[in-house]
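> Data file target_37.cif (mmCIF, C-alpha atoms and all ligand atoms) is appended below.
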data_input
loop_
_atom_site.group_PDB
_atom_site.id
_atom_site.type_symbol
_atom_site.label_atom_id
_atom_site.label_comp_id
_atom_site.auth_asym_id
_atom_site.auth_seq_id
_atom_site.Cartn_x
_atom_site.Cartn_y
_atom_site.Cartn_z
ATOM 1 C CA MET A 687 -5.858 -2.809 2.838
ATOM 2 C CA LYS A 688 -5.959 -2.430 6.609
ATOM 3 C CA PRO A 689 -2.806 -1.575 8.575
ATOM 4 C CA VAL A 690 -1.472 -4.276 10.891
ATOM 5 C CA LYS A 691 0.629 -1.765 12.797
ATOM 6 C CA GLY A 692 -0.669 1.592 14.009
ATOM 7 C CA SER A 693 0.758 5.066 13.432
ATOM 8 C CA TRP A 694 -0.143 8.742 13.778
ATOM 9 C CA TRP A 695 -0.934 10.540 10.535
ATOM 10 C CA PRO A 696 -0.960 14.324 10.291
ATOM 11 C CA VAL A 697 -4.231 14.821 8.395
ATOM 12 C CA LEU A 698 -5.231 18.470 8.847
ATOM 13 C CA ASP A 699 -3.455 21.782 9.321
ATOM 14 C CA ALA A 700 -4.435 22.839 12.856
ATOM 15 C CA ALA A 701 -4.887 26.412 11.574
ATOM 16 C CA GLU A 702 -7.892 25.222 9.528
ATOM 17 C CA LEU A 703 -9.779 24.210 12.667
ATOM 18 C CA GLY A 704 -11.272 27.095 14.638
ATOM 19 C CA ARG A 705 -14.595 27.321 16.494
ATOM 20 C CA LYS A 706 -16.539 25.804 13.604
ATOM 21 C CA PRO A 707 -16.429 22.081 12.822
ATOM 22 C CA VAL A 708 -14.503 21.128 9.686
ATOM 23 C CA GLY A 709 -15.495 18.320 7.319
ATOM 24 C CA ARG A 710 -12.800 16.516 5.315
ATOM 25 C CA VAL A 711 -12.568 13.189 3.511
ATOM 26 C CA ARG A 712 -9.617 11.191 4.830
ATOM 27 C CA PHE A 713 -8.799 7.567 3.970
ATOM 28 C CA GLY A 714 -11.969 7.501 1.867
ATOM 29 C CA GLU A 715 -14.217 8.402 4.802
ATOM 30 C CA PRO A 716 -16.005 11.746 5.338
ATOM 31 C CA LEU A 717 -14.868 12.923 8.787
ATOM 32 C CA VAL A 718 -15.764 15.852 10.995
ATOM 33 C CA PHE A 719 -13.129 17.523 13.165
ATOM 34 C CA TRP A 720 -14.156 19.859 15.978
ATOM 35 C CA ARG A 721 -12.636 21.478 19.029
ATOM 36 C CA ALA A 722 -14.238 20.318 22.290
ATOM 37 C CA ALA A 723 -13.320 21.846 25.645
ATOM 38 C CA SER A 724 -11.265 18.666 26.237
ATOM 39 C CA GLY A 725 -9.374 18.850 22.906
ATOM 40 C CA VAL A 726 -9.801 17.999 19.232
ATOM 41 C CA VAL A 727 -12.423 15.393 18.293
ATOM 42 C CA CYS A 728 -12.763 13.397 15.074
ATOM 43 C CA MET A 729 -15.874 11.406 14.168
ATOM 44 C CA PRO A 730 -17.637 10.203 11.002
ATOM 45 C CA ASP A 731 -19.263 13.193 9.312
ATOM 46 C CA ARG A 732 -22.703 11.624 9.212
ATOM 47 C CA CYS A 733 -25.459 12.000 11.738
ATOM 48 C CA PRO A 734 -26.818 8.589 12.849
ATOM 49 C CA HIS A 735 -30.350 10.045 12.914
ATOM 50 C CA ARG A 736 -30.912 10.718 9.201
ATOM 51 C CA GLY A 737 -27.536 11.121 7.638
ATOM 52 C CA ALA A 738 -26.905 14.893 7.591
ATOM 53 C CA ALA A 739 -23.314 16.168 7.630
ATOM 54 C CA LEU A 740 -22.351 17.066 11.182
ATOM 55 C CA SER A 741 -19.671 19.410 9.833
ATOM 56 C CA LEU A 742 -22.559 21.777 8.936
ATOM 57 C CA GLY A 743 -23.564 21.875 12.603
ATOM 58 C CA GLU A 744 -22.240 23.829 15.563
ATOM 59 C CA VAL A 745 -20.176 23.228 18.639
ATOM 60 C CA SER A 746 -22.232 23.910 21.795
ATOM 61 C CA PRO A 747 -21.263 27.068 23.735
ATOM 62 C CA SER A 748 -19.840 24.889 26.546
ATOM 63 C CA GLY A 749 -17.643 23.076 23.995
ATOM 64 C CA ASP A 750 -18.973 19.739 25.273
ATOM 65 C CA ALA A 751 -20.950 18.677 22.221
ATOM 66 C CA LEU A 752 -21.406 18.978 18.483
ATOM 67 C CA ALA A 753 -24.994 19.648 17.365
ATOM 68 C CA CYS A 754 -26.350 18.321 14.076
ATOM 69 C CA PRO A 755 -27.715 21.091 11.830
ATOM 70 C CA PHE A 756 -30.874 19.117 10.948
ATOM 71 C CA HIS A 757 -32.754 18.280 14.191
ATOM 72 C CA GLY A 758 -30.203 19.413 16.750
ATOM 73 C CA LEU A 759 -29.084 16.038 18.117
ATOM 74 C CA GLU A 760 -25.917 16.569 20.135
ATOM 75 C CA PHE A 761 -22.875 14.313 20.353
ATOM 76 C CA GLY A 762 -20.202 14.476 23.035
ATOM 77 C CA SER A 763 -16.458 14.225 22.545
ATOM 78 C CA ASP A 764 -16.710 10.433 23.075
ATOM 79 C CA GLY A 765 -19.235 10.258 20.201
ATOM 80 C CA ARG A 766 -22.215 9.420 22.420
ATOM 81 C CA CYS A 767 -25.529 11.142 21.730
ATOM 82 C CA THR A 768 -26.200 13.433 24.695
ATOM 83 C CA LEU A 769 -29.329 15.304 23.628
ATOM 84 C CA ILE A 770 -32.355 14.869 21.350
ATOM 85 C CA PRO A 771 -34.016 18.292 21.636
ATOM 86 C CA VAL A 772 -37.449 17.368 20.292
ATOM 87 C CA GLU A 773 -37.724 14.120 22.271
ATOM 88 C CA GLN A 774 -36.427 14.924 25.697
ATOM 89 C CA ASP A 775 -38.300 12.033 27.337
ATOM 90 C CA PHE A 776 -36.843 9.503 24.915
ATOM 91 C CA ALA A 777 -34.259 7.326 26.663
ATOM 92 C CA ILE A 778 -31.205 7.577 24.396
ATOM 93 C CA PRO A 779 -29.961 4.049 23.709
ATOM 94 C CA GLU A 780 -26.299 3.301 24.484
ATOM 95 C CA ASP A 781 -25.490 2.620 20.851
ATOM 96 C CA PHE A 782 -27.103 5.814 19.563
ATOM 97 C CA GLY A 783 -23.885 7.572 18.704
ATOM 98 C CA LEU A 784 -20.736 7.586 16.635
ATOM 99 C CA PRO A 785 -17.214 6.282 17.096
ATOM 100 C CA ALA A 786 -14.743 8.959 18.222
ATOM 101 C CA TYR A 787 -11.411 8.296 16.523
ATOM 102 C CA PRO A 788 -8.060 8.739 18.343
ATOM 103 C CA VAL A 789 -6.848 12.203 17.443
ATOM 104 C CA THR A 790 -4.367 14.741 18.799
ATOM 105 C CA GLU A 791 -2.770 18.072 17.985
ATOM 106 C CA ALA A 792 0.974 18.626 17.637
ATOM 107 C CA ASP A 793 3.406 20.600 15.500
ATOM 108 C CA GLY A 794 0.608 22.656 13.913
ATOM 109 C CA TYR A 795 -1.237 19.578 12.630
ATOM 110 C CA ILE A 796 -4.194 17.474 13.704
ATOM 111 C CA TRP A 797 -3.047 13.838 13.799
ATOM 112 C CA LEU A 798 -5.244 10.786 13.406
ATOM 113 C CA TRP A 799 -4.252 7.337 14.672
ATOM 114 C CA ARG A 800 -4.712 4.593 12.090
ATOM 115 C CA GLY A 801 -4.380 0.901 12.731
ATOM 116 C CA PRO A 802 -4.469 -1.260 15.837
ATOM 117 C CA LEU A 803 -4.217 0.557 19.161
ATOM 118 C CA PRO A 804 -1.129 -0.226 21.237
ATOM 119 C CA GLN A 805 -1.350 -1.547 24.800
ATOM 120 C CA GLY A 806 -1.741 1.346 27.231
ATOM 121 C CA GLU A 807 -1.342 4.987 26.251
ATOM 122 C CA LEU A 808 -0.888 6.113 22.658
ATOM 123 C CA PRO A 809 2.574 7.497 21.936
ATOM 124 C CA VAL A 810 3.037 11.216 21.260
ATOM 125 C CA PRO A 811 3.474 12.009 17.526
ATOM 126 C CA ALA A 812 7.153 12.354 16.685
ATOM 127 C CA GLN A 813 7.832 15.963 15.681
ATOM 128 C CA HIS A 814 10.760 16.921 13.567
ATOM 129 C CA PRO A 815 13.382 18.310 15.971
ATOM 130 C CA ASP A 816 15.087 20.540 13.388
ATOM 131 C CA THR A 817 11.953 22.419 12.377
ATOM 132 C CA GLN A 818 10.750 23.248 15.896
ATOM 133 C CA PRO A 819 12.430 26.621 16.404
ATOM 134 C CA MET A 820 11.779 27.773 12.828
ATOM 135 C CA GLN A 821 8.980 29.839 11.312
ATOM 136 C CA TYR A 822 7.252 28.689 8.157
ATOM 137 C CA GLY A 823 5.086 29.625 5.201
ATOM 138 C CA ALA A 824 2.388 27.111 4.277
ATOM 139 C CA SER A 825 0.075 26.074 1.489
ATOM 140 C CA GLY A 826 -1.851 23.034 0.331
ATOM 141 C CA GLY A 827 -2.988 21.412 -2.895
ATOM 142 C CA LEU A 828 -4.790 18.390 -4.308
ATOM 143 C CA TRP A 829 -2.982 15.687 -6.284
ATOM 144 C CA HIS A 830 -5.098 13.306 -8.342
ATOM 145 C CA ALA A 831 -3.271 10.113 -7.404
ATOM 146 C CA HIS A 832 -2.921 7.515 -4.660
ATOM 147 C CA TYR A 833 -0.846 8.895 -1.776
ATOM 148 C CA THR A 834 1.794 6.146 -2.072
ATOM 149 C CA ARG A 835 2.546 7.215 -5.661
ATOM 150 C CA CYS A 836 2.777 10.855 -4.594
ATOM 151 C CA ILE A 837 5.247 9.995 -1.827
ATOM 152 C CA GLU A 838 7.363 7.906 -4.171
ATOM 153 C CA ASN A 839 7.425 10.736 -6.670
ATOM 154 C CA VAL A 840 9.130 13.110 -4.246
ATOM 155 C CA CYS A 841 11.580 10.386 -3.181
ATOM 156 C CA ASP A 842 12.669 9.866 -6.785
ATOM 157 C CA PHE A 843 15.773 11.765 -7.919
ATOM 158 C CA SER A 844 16.039 10.189 -11.348
ATOM 159 C CA HIS A 845 12.835 11.685 -12.791
ATOM 160 C CA LEU A 846 14.128 15.256 -12.424
ATOM 161 C CA PRO A 847 15.818 15.695 -15.846
ATOM 162 C CA PHE A 848 12.787 14.215 -17.608
ATOM 163 C CA VAL A 849 9.701 15.538 -15.857
ATOM 164 C CA HIS A 850 11.238 18.819 -14.696
ATOM 165 C CA LYS A 851 13.243 19.693 -17.812
ATOM 166 C CA THR A 852 12.565 23.399 -17.483
ATOM 167 C CA THR A 853 12.459 23.802 -13.685
ATOM 168 C CA ILE A 854 14.320 21.891 -10.974
ATOM 169 C CA GLY A 855 15.777 19.335 -13.414
ATOM 170 C CA ARG A 856 17.026 21.874 -15.917
ATOM 171 C CA PHE A 857 20.746 21.349 -15.536
ATOM 172 C CA LYS A 858 20.591 17.658 -14.836
ATOM 173 C CA LYS A 859 20.494 16.274 -18.381
ATOM 174 C CA GLY A 860 22.764 13.287 -18.795
ATOM 175 C CA TRP A 861 23.541 12.924 -15.115
ATOM 176 C CA GLN A 862 24.135 9.568 -13.487
ATOM 177 C CA THR A 863 22.380 9.109 -10.171
ATOM 178 C CA THR A 864 24.334 7.549 -7.347
ATOM 179 C CA ILE A 865 22.310 7.314 -4.188
ATOM 180 C CA GLU A 866 23.344 6.567 -0.648
ATOM 181 C CA MET A 867 20.699 5.545 1.871
ATOM 182 C CA GLU A 868 20.749 6.201 5.578
ATOM 183 C CA ASP A 869 18.318 4.938 8.251
ATOM 184 C CA VAL A 870 16.861 7.521 10.616
ATOM 185 C CA ALA A 871 14.372 6.993 13.453
ATOM 186 C CA GLY A 872 10.989 6.386 11.823
ATOM 187 C CA GLY A 873 12.199 6.623 8.244
ATOM 188 C CA PHE A 874 15.163 7.158 5.950
ATOM 189 C CA ARG A 875 17.399 9.728 4.351
ATOM 190 C CA ALA A 876 18.473 9.523 0.717
ATOM 191 C CA HIS A 877 21.605 11.353 -0.416
ATOM 192 C CA LEU A 878 22.180 12.073 -4.049
ATOM 193 C CA LEU A 879 25.928 11.860 -4.597
ATOM 194 C CA GLN A 880 27.898 13.792 -7.152
ATOM 195 C CA ASP A 881 31.679 13.461 -7.302
ATOM 196 C CA GLY A 882 31.409 11.336 -4.158
ATOM 197 C CA ARG A 883 29.829 14.172 -2.188
ATOM 198 C CA SER A 884 26.231 14.622 -1.088
ATOM 199 C CA HIS A 885 24.644 16.983 -3.574
ATOM 200 C CA GLN A 886 21.076 16.873 -2.249
ATOM 201 C CA SER A 887 19.405 14.989 0.610
ATOM 202 C CA LEU A 888 15.826 14.198 1.285
ATOM 203 C CA GLU A 889 14.256 12.685 4.333
ATOM 204 C CA PHE A 890 11.101 10.634 4.734
ATOM 205 C CA LEU A 891 9.363 9.943 8.041
ATOM 206 C CA TYR A 892 6.705 7.283 8.044
ATOM 207 C CA PRO A 893 3.812 7.444 7.303
ATOM 208 C CA ASN A 894 3.607 10.641 5.235
ATOM 209 C CA ARG A 895 6.198 13.353 5.965
ATOM 210 C CA TRP A 896 8.927 14.392 3.541
ATOM 211 C CA LEU A 897 11.627 17.010 4.039
ATOM 212 C CA LEU A 898 14.283 18.634 1.901
ATOM 213 C CA ARG A 899 17.114 20.587 3.530
ATOM 214 C CA LEU A 900 18.020 23.399 1.207
ATOM 215 C CA ASN A 901 20.575 24.880 3.582
ATOM 216 C CA ARG A 902 20.999 25.736 7.261
ATOM 217 C CA ARG A 903 18.324 28.428 7.131
ATOM 218 C CA PHE A 904 15.756 26.910 4.757
ATOM 219 C CA MET A 905 13.907 23.613 4.694
ATOM 220 C CA PHE A 906 10.994 22.537 2.565
ATOM 221 C CA GLY A 907 8.553 19.877 3.712
ATOM 222 C CA LEU A 908 5.493 18.070 2.424
ATOM 223 C CA VAL A 909 2.825 16.054 4.195
ATOM 224 C CA PHE A 910 0.835 13.641 2.030
ATOM 225 C CA VAL A 911 -2.691 13.147 3.349
ATOM 226 C CA PRO A 912 -4.775 10.338 1.816
ATOM 227 C CA VAL A 913 -8.181 11.620 0.732
ATOM 228 C CA ASP A 914 -9.271 8.491 -1.124
ATOM 229 C CA ASP A 915 -7.678 5.999 -3.528
ATOM 230 C CA GLU A 916 -7.380 8.618 -6.275
ATOM 231 C CA HIS A 917 -6.745 11.832 -4.357
ATOM 232 C CA THR A 918 -4.100 13.122 -1.960
ATOM 233 C CA TRP A 919 -4.081 16.450 -0.181
ATOM 234 C CA VAL A 920 -0.537 17.774 0.096
ATOM 235 C CA TYR A 921 0.444 20.301 2.751
ATOM 236 C CA GLY A 922 3.623 22.216 1.971
ATOM 237 C CA ARG A 923 5.735 24.136 4.461
ATOM 238 C CA SER A 924 8.794 26.274 3.884
ATOM 239 C CA TRP A 925 10.685 26.735 7.146
ATOM 240 C CA TYR A 926 13.044 29.645 7.490
ATOM 241 C CA ASP A 927 15.383 30.915 10.113
ATOM 242 C CA LEU A 928 15.576 34.599 9.282
ATOM 243 C CA PRO A 929 14.284 37.288 11.648
ATOM 244 C CA VAL A 930 12.606 39.328 8.901
ATOM 245 C CA PRO A 931 9.156 40.766 9.735
ATOM 246 C CA GLY A 932 6.432 39.971 7.191
ATOM 247 C CA LEU A 933 8.468 37.167 5.656
ATOM 248 C CA LYS A 934 5.751 34.648 6.515
ATOM 249 C CA TRP A 935 3.403 36.064 3.849
ATOM 250 C CA LEU A 936 6.136 35.973 1.295
ATOM 251 C CA MET A 937 6.939 32.389 2.239
ATOM 252 C CA ASN A 938 3.252 31.415 1.995
ATOM 253 C CA GLY A 939 3.282 32.726 -1.570
ATOM 254 C CA TYR A 940 6.638 31.115 -2.337
ATOM 255 C CA THR A 941 5.405 27.751 -1.022
ATOM 256 C CA ARG A 942 2.240 27.924 -3.108
ATOM 257 C CA LEU A 943 3.964 29.057 -6.275
ATOM 258 C CA SER A 944 6.900 26.652 -6.103
ATOM 259 C CA GLN A 945 4.537 23.748 -5.477
ATOM 260 C CA TYR A 946 2.360 24.744 -8.382
ATOM 261 C CA LEU A 947 5.191 25.340 -10.861
ATOM 262 C CA VAL A 948 7.036 22.135 -10.062
ATOM 263 C CA PHE A 949 4.244 19.754 -9.192
ATOM 264 C CA ARG A 950 2.027 20.533 -12.155
ATOM 265 C CA GLU A 951 4.810 18.811 -14.124
ATOM 266 C CA ASP A 952 4.492 15.720 -11.927
ATOM 267 C CA TRP A 953 0.694 15.538 -11.778
ATOM 268 C CA PRO A 954 -0.157 13.889 -15.135
ATOM 269 C CA ILE A 955 2.660 11.348 -14.812
ATOM 270 C CA VAL A 956 1.859 10.353 -11.242
ATOM 271 C CA ALA A 957 -1.866 10.163 -12.022
ATOM 272 C CA SER A 958 -1.029 7.811 -14.924
ATOM 273 C CA GLN A 959 0.786 5.217 -12.802
ATOM 274 C CA VAL A 960 -0.989 1.871 -12.632
ATOM 275 C CA PRO A 961 -1.851 0.481 -10.150
ATOM 276 C CA GLY A 962 -2.404 3.381 -7.770
ATOM 277 C CA ASP A 963 -1.572 1.741 -4.452
ATOM 278 C CA VAL A 964 2.059 0.580 -4.497
ATOM 279 C CA LEU A 965 1.215 -2.292 -2.143
ATOM 280 C CA THR A 966 -0.330 -3.955 -5.193
ATOM 281 C CA ALA A 967 2.476 -2.980 -7.603
ATOM 282 C CA THR A 968 4.346 -6.235 -7.187
ATOM 283 C CA ASP A 969 5.589 -6.711 -10.766
ATOM 284 C CA GLU A 970 7.560 -3.458 -11.232
ATOM 285 C CA LYS A 971 11.258 -3.704 -12.143
ATOM 286 C CA LEU A 972 13.089 -1.348 -9.810
ATOM 287 C CA LEU A 973 16.602 -0.072 -10.554
ATOM 288 C CA PRO A 974 19.456 0.813 -8.190
ATOM 289 C CA SER A 975 18.488 4.485 -8.631
ATOM 290 C CA ASP A 976 15.075 3.589 -7.179
ATOM 291 C CA ALA A 977 16.690 2.934 -3.777
ATOM 292 C CA PRO A 978 14.539 5.550 -1.942
ATOM 293 C CA VAL A 979 11.387 4.131 -3.571
ATOM 294 C CA LEU A 980 12.421 0.662 -2.462
ATOM 295 C CA ALA A 981 13.110 1.949 1.079
ATOM 296 C CA TYR A 982 9.637 3.508 1.165
ATOM 297 C CA ARG A 983 7.994 0.301 -0.056
ATOM 298 C CA LYS A 984 9.837 -1.772 2.531
ATOM 299 C CA LEU A 985 8.832 0.573 5.342
ATOM 300 C CA HIS A 986 5.250 0.803 4.102
ATOM 301 C CA ARG A 987 4.911 -2.938 3.712
ATOM 302 C CA SER A 988 5.990 -3.440 7.333
ATOM 303 C CA TYR A 989 2.804 -1.588 8.379
ATOM 304 C CA TYR A 990 0.432 -3.597 6.138
HETATM 305 S S1 LIG B 1001 -30.136 14.168 10.765
HETATM 306 FE FE1 LIG B 1001 -28.991 14.849 12.418
HETATM 307 S S2 LIG B 1001 -30.428 15.384 13.884
HETATM 308 FE FE2 LIG B 1001 -31.591 14.613 12.282
HETATM 309 FE FE FE B 1002 8.802 15.688 -9.520
#
Written as structure tokens, that's how I'd like the structure from this file.

Amino acid sequence: MKPVKGSWWPVLDAAELGRKPVGRVRFGEPLVFWRAASGVVCMPDRCPHRGAALSLGEVSPSGDALACPFHGLEFGSDGRCTLIPVEQDFAIPEDFGLPAYPVTEADGYIWLWRGPLPQGELPVPAQHPDTQPMQYGASGGLWHAHYTRCIENVCDFSHLPFVHKTTIGRFKKGWQTTIEMEDVAGGFRAHLLQDGRSHQSLEFLYPNRWLLRLNRRFMFGLVFVPVDDEHTWVYGRSWYDLPVPGLKWLMNGYTRLSQYLVFREDWPIVASQVPGDVLTATDEKLLPSDAPVLAYRKLHRSYY
């Protein structure tokens, strides 16, 4: 389904993109990301000459072009073919190139614009104000499910005592979930109430960012990146506000381990949900405790 409204999607950790081009499948399409002198570029990862992966090629020393590894054809940051080394007298036709997709870098991510372009300039991706001054540990992992199901899973309080019996849901047997929803710019917050007080709060920012405030000094966030209809790459970050040297490495390990221990419990259940894309899940019977799921579906539907 194509979006009817455009938005920026963080799709790659900026730390993964150095001098070499990087190939990743996003939204079902193999893409190549590379750093030109003018900024990050994203194009289809397929040479129009004879189909080789451009991500196996090299960025020219000037940073103006990406060269295909097969016969050295070069493509500029606008996607146009600028050089055919073995046919220098050949007049390169206008359409001999690739589309260059709208892409930018912010908040340690590479962001891709999906959907119709707005009139005039593209907006700047909205960064999370609370995480800006904080350091973080990071990790990533693959979930075998449609990204909408993965997002809903982390917005769902009521699965904790069942799926996470031995980890984060351990002491939650028999609890009754009362949820209070709050609108925030670009998304929503969901508060889990116990004894009338907020016990835990999560935040979702459309299209794919999720955040849990553990306390004033720690926050945990996830970014759900669609790979294809059955796979989602999930970037995790643990932000911390403690001036301890070397803590970053510890937090990298903590982020990886906590994701693995908790999410391996979610994986088989989420992968089993039918259909994958929640836009087509029109016959499900949602409960009041599914309020955050409903809020996500409403927001998501407004873009499609
Ligand atoms: S396939 Fe890319 S230059 Fe030939
Ligand atoms: Fe879970």
> Enumerate residues in contact with ligand LIG 1001 (chain B): an atom-to-atom distance of at most 12 Å, counting only C-alpha atoms and all ligand atoms. Format the result as an NGL selection string.
:A and (731-744 or 752-761 or 767-773 or 782-784)
> Could you tell me how far CA of Leu900 in chain A lies from CA of Ser924 in chain A, in Å and to one decimal?
10.0 Å
> Quick one: residues within 9 Å of ligand FE 1002 (chain B), with only C-alpha atoms and all ligand atoms, as a list in words?
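Result of the 9 Å neighbour search around ligand FE 1002 (chain B): Asn839, Val840, Cys841, Asp842, Phe843, His845, Leu846, Val849, His850, Ile854, Gly855, Val948, Phe949, Arg950, Glu951, Asp952, Trp953 and Val956 of chain A.
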> Residues within 12 Å of Leu973 in chain A, please, as a list in words. Count only C-alpha atoms; anything in the same chain fewer than 3 positions from it doesn't count.
Asp842, Ser844, Thr863, Thr864, Ile865, Glu970, Asp976, Ala977, Pro978, Val979 and Leu980 of chain A
> Using only C-alpha atoms, what table do you get, as a tab-separated table, when you list each residue of range 847-893 of chain A with an atom no more than 10 Å from range 791-814 of chain A, its nearest pair of atoms, and their distance in Å rounded to one decimal, rows by chain then rising number?

residue	atom	partner	partner_atom	distance
A:Ala871	CA	A:Ala812	CA	9.6
A:Gly872	CA	A:Ala812	CA	8.6
A:Leu891	CA	A:His814	CA	9.0
> When you count only C-alpha atoms, which of these residues is closest to Tyr946 in chain A: A:Leu898, A:Pro912, A:Thr853, A:Asp963?
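The answer is A:Thr853, which sits nearest to Tyr946 in chain A.
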> Name every residue that the PyMOL selection byres (((chain A and resi 936) around 12) and not hetatm) selects in this structure, writing the answer as a ChimeraX atom specification with chains first and numbers rising.
/A:822-825,924-926,930-935,937-944
> Report as an mmCIF file with C-alpha atoms, in the frame of the given file the full result of the PyMOL selection byres (((chain A and resi 909) around 9) and not hetatm) when it is applied to this structure.

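Everything below was put into selection.cif:
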data_model
loop_
_atom_site.group_PDB
_atom_site.id
_atom_site.type_symbol
_atom_site.label_atom_id
_atom_site.label_comp_id
_atom_site.auth_asym_id
_atom_site.auth_seq_id
_atom_site.Cartn_x
_atom_site.Cartn_y
_atom_site.Cartn_z
ATOM 1 C CA PRO A 696 -0.960 14.324 10.291
ATOM 2 C CA VAL A 697 -4.231 14.821 8.395
ATOM 3 C CA ILE A 837 5.247 9.995 -1.827
ATOM 4 C CA ASN A 894 3.607 10.641 5.235
ATOM 5 C CA ARG A 895 6.198 13.353 5.965
ATOM 6 C CA TRP A 896 8.927 14.392 3.541
ATOM 7 C CA LEU A 897 11.627 17.010 4.039
ATOM 8 C CA GLY A 907 8.553 19.877 3.712
ATOM 9 C CA LEU A 908 5.493 18.070 2.424
ATOM 10 C CA PHE A 910 0.835 13.641 2.030
ATOM 11 C CA VAL A 911 -2.691 13.147 3.349
ATOM 12 C CA TRP A 919 -4.081 16.450 -0.181
ATOM 13 C CA VAL A 920 -0.537 17.774 0.096
ATOM 14 C CA TYR A 921 0.444 20.301 2.751
ATOM 15 C CA GLY A 922 3.623 22.216 1.971
ATOM 16 C CA ARG A 923 5.735 24.136 4.461
#
> In Å, with one decimal, what is the gap from CA of Phe874 in chain A to CA of Val964 in chain A?
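Answer for the CA of Phe874 in chain A to CA of Val964 in chain A separation: 18.0 Å.
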> Please determine the residues with any atom at most 12 Å from (-16.0, 16.1, 18.9) (coordinates as given in the file, with only C-alpha atoms counting) and report them as a PyMOL selection string.
chain A and resi 703+705-709+717-731+740-741+743-746+749-754+760-767+783-790
> Which distance in Å separates CA of His917 in chain A and CA of Leu888 in chain A, to one decimal?
23.4 Å
> Show me, as a PyMOL selection string, the residues that have an atom within 10 Å of Pro954 in chain A when counting only C-alpha atoms, minus same-chain residues fewer than 4 positions from it.
chain A and resi 829-831+949-950+958-959
> Which centre and edge lengths in Å to one decimal define the box along x, y and z that fits every listed atom of range 721-735 of chain A plus 5 Å per side, as AutoDock Vina command-line options?

--center_x -19.9 --center_y 15.2 --center_z 17.7 --size_x 31.0 --size_y 23.3 --size_z 27.0
> Between A:Gln818, A:Gln880, A:Gln774, A:Ser693, which residue has the minimum interatomic distance to Met905 in chain A, considering only C-alpha atoms?
A:Gln818
> Of the candidates A:Asp969, A:Leu947, A:His877, A:Tyr892, which shows the shortest atom-to-atom distance to Arg987 in chain A, using all atoms listed in the file?
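With all atoms listed in the file as the atom set, the closest residue is A:Tyr892.
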> Could you tell me which of A:Lys691, A:Thr918, A:Ala876, A:Ile955 comes closest to Ser988 in chain A if we count all atoms listed in the file?
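Nearest to Ser988 in chain A: A:Lys691.
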> Using only C-alpha atoms, can you tell me which of A:Ser975, A:Ala701, A:Pro716, A:Arg903 comes closest to Leu879 in chain A?
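Going through A:Ser975, A:Ala701, A:Pro716, A:Arg903 one by one, the smallest distance to Leu879 in chain A is for A:Ser975.
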> When you write range 835-847 of chain A out from the block above, keep N, CA and C atoms and present the result as a compact mmCIF listing (two decimals), in the first residue's frame, please.

# COMPACT_ATOMS: atom_id res chain seq x y z
N ARG A 835 3.30 -4.93 13.02
CA ARG A 835 3.08 -5.87 14.12
C ARG A 835 4.14 -5.71 15.20
N CYS A 836 5.36 -5.41 14.77
CA CYS A 836 6.45 -5.21 15.74
C CYS A 836 6.18 -3.96 16.57
N ILE A 837 5.74 -2.90 15.92
CA ILE A 837 5.44 -1.65 16.64
C ILE A 837 4.30 -1.89 17.63
N GLU A 838 3.25 -2.55 17.16
CA GLU A 838 2.12 -2.80 18.07
C GLU A 838 2.55 -3.62 19.27
N ASN A 839 3.46 -4.54 19.06
CA ASN A 839 3.90 -5.40 20.15
C ASN A 839 4.52 -4.61 21.30
N VAL A 840 5.30 -3.58 20.95
CA VAL A 840 5.94 -2.80 22.03
C VAL A 840 5.00 -1.73 22.58
N CYS A 841 3.83 -1.56 21.96
CA CYS A 841 2.85 -0.61 22.49
C CYS A 841 1.80 -1.35 23.33
N ASP A 842 2.01 -2.63 23.55
CA ASP A 842 0.98 -3.48 24.15
C ASP A 842 1.41 -3.87 25.58
N PHE A 843 0.75 -3.26 26.58
CA PHE A 843 1.08 -3.60 27.96
C PHE A 843 0.54 -4.98 28.36
N SER A 844 -0.62 -5.34 27.81
CA SER A 844 -1.32 -6.49 28.39
C SER A 844 -0.73 -7.84 28.00
N HIS A 845 0.28 -7.87 27.12
CA HIS A 845 0.90 -9.17 26.81
C HIS A 845 2.01 -9.51 27.81
N LEU A 846 2.41 -8.55 28.63
CA LEU A 846 3.59 -8.75 29.48
C LEU A 846 3.50 -9.98 30.39
N PRO A 847 2.40 -10.18 31.15
CA PRO A 847 2.38 -11.34 32.05
C PRO A 847 2.30 -12.68 31.33
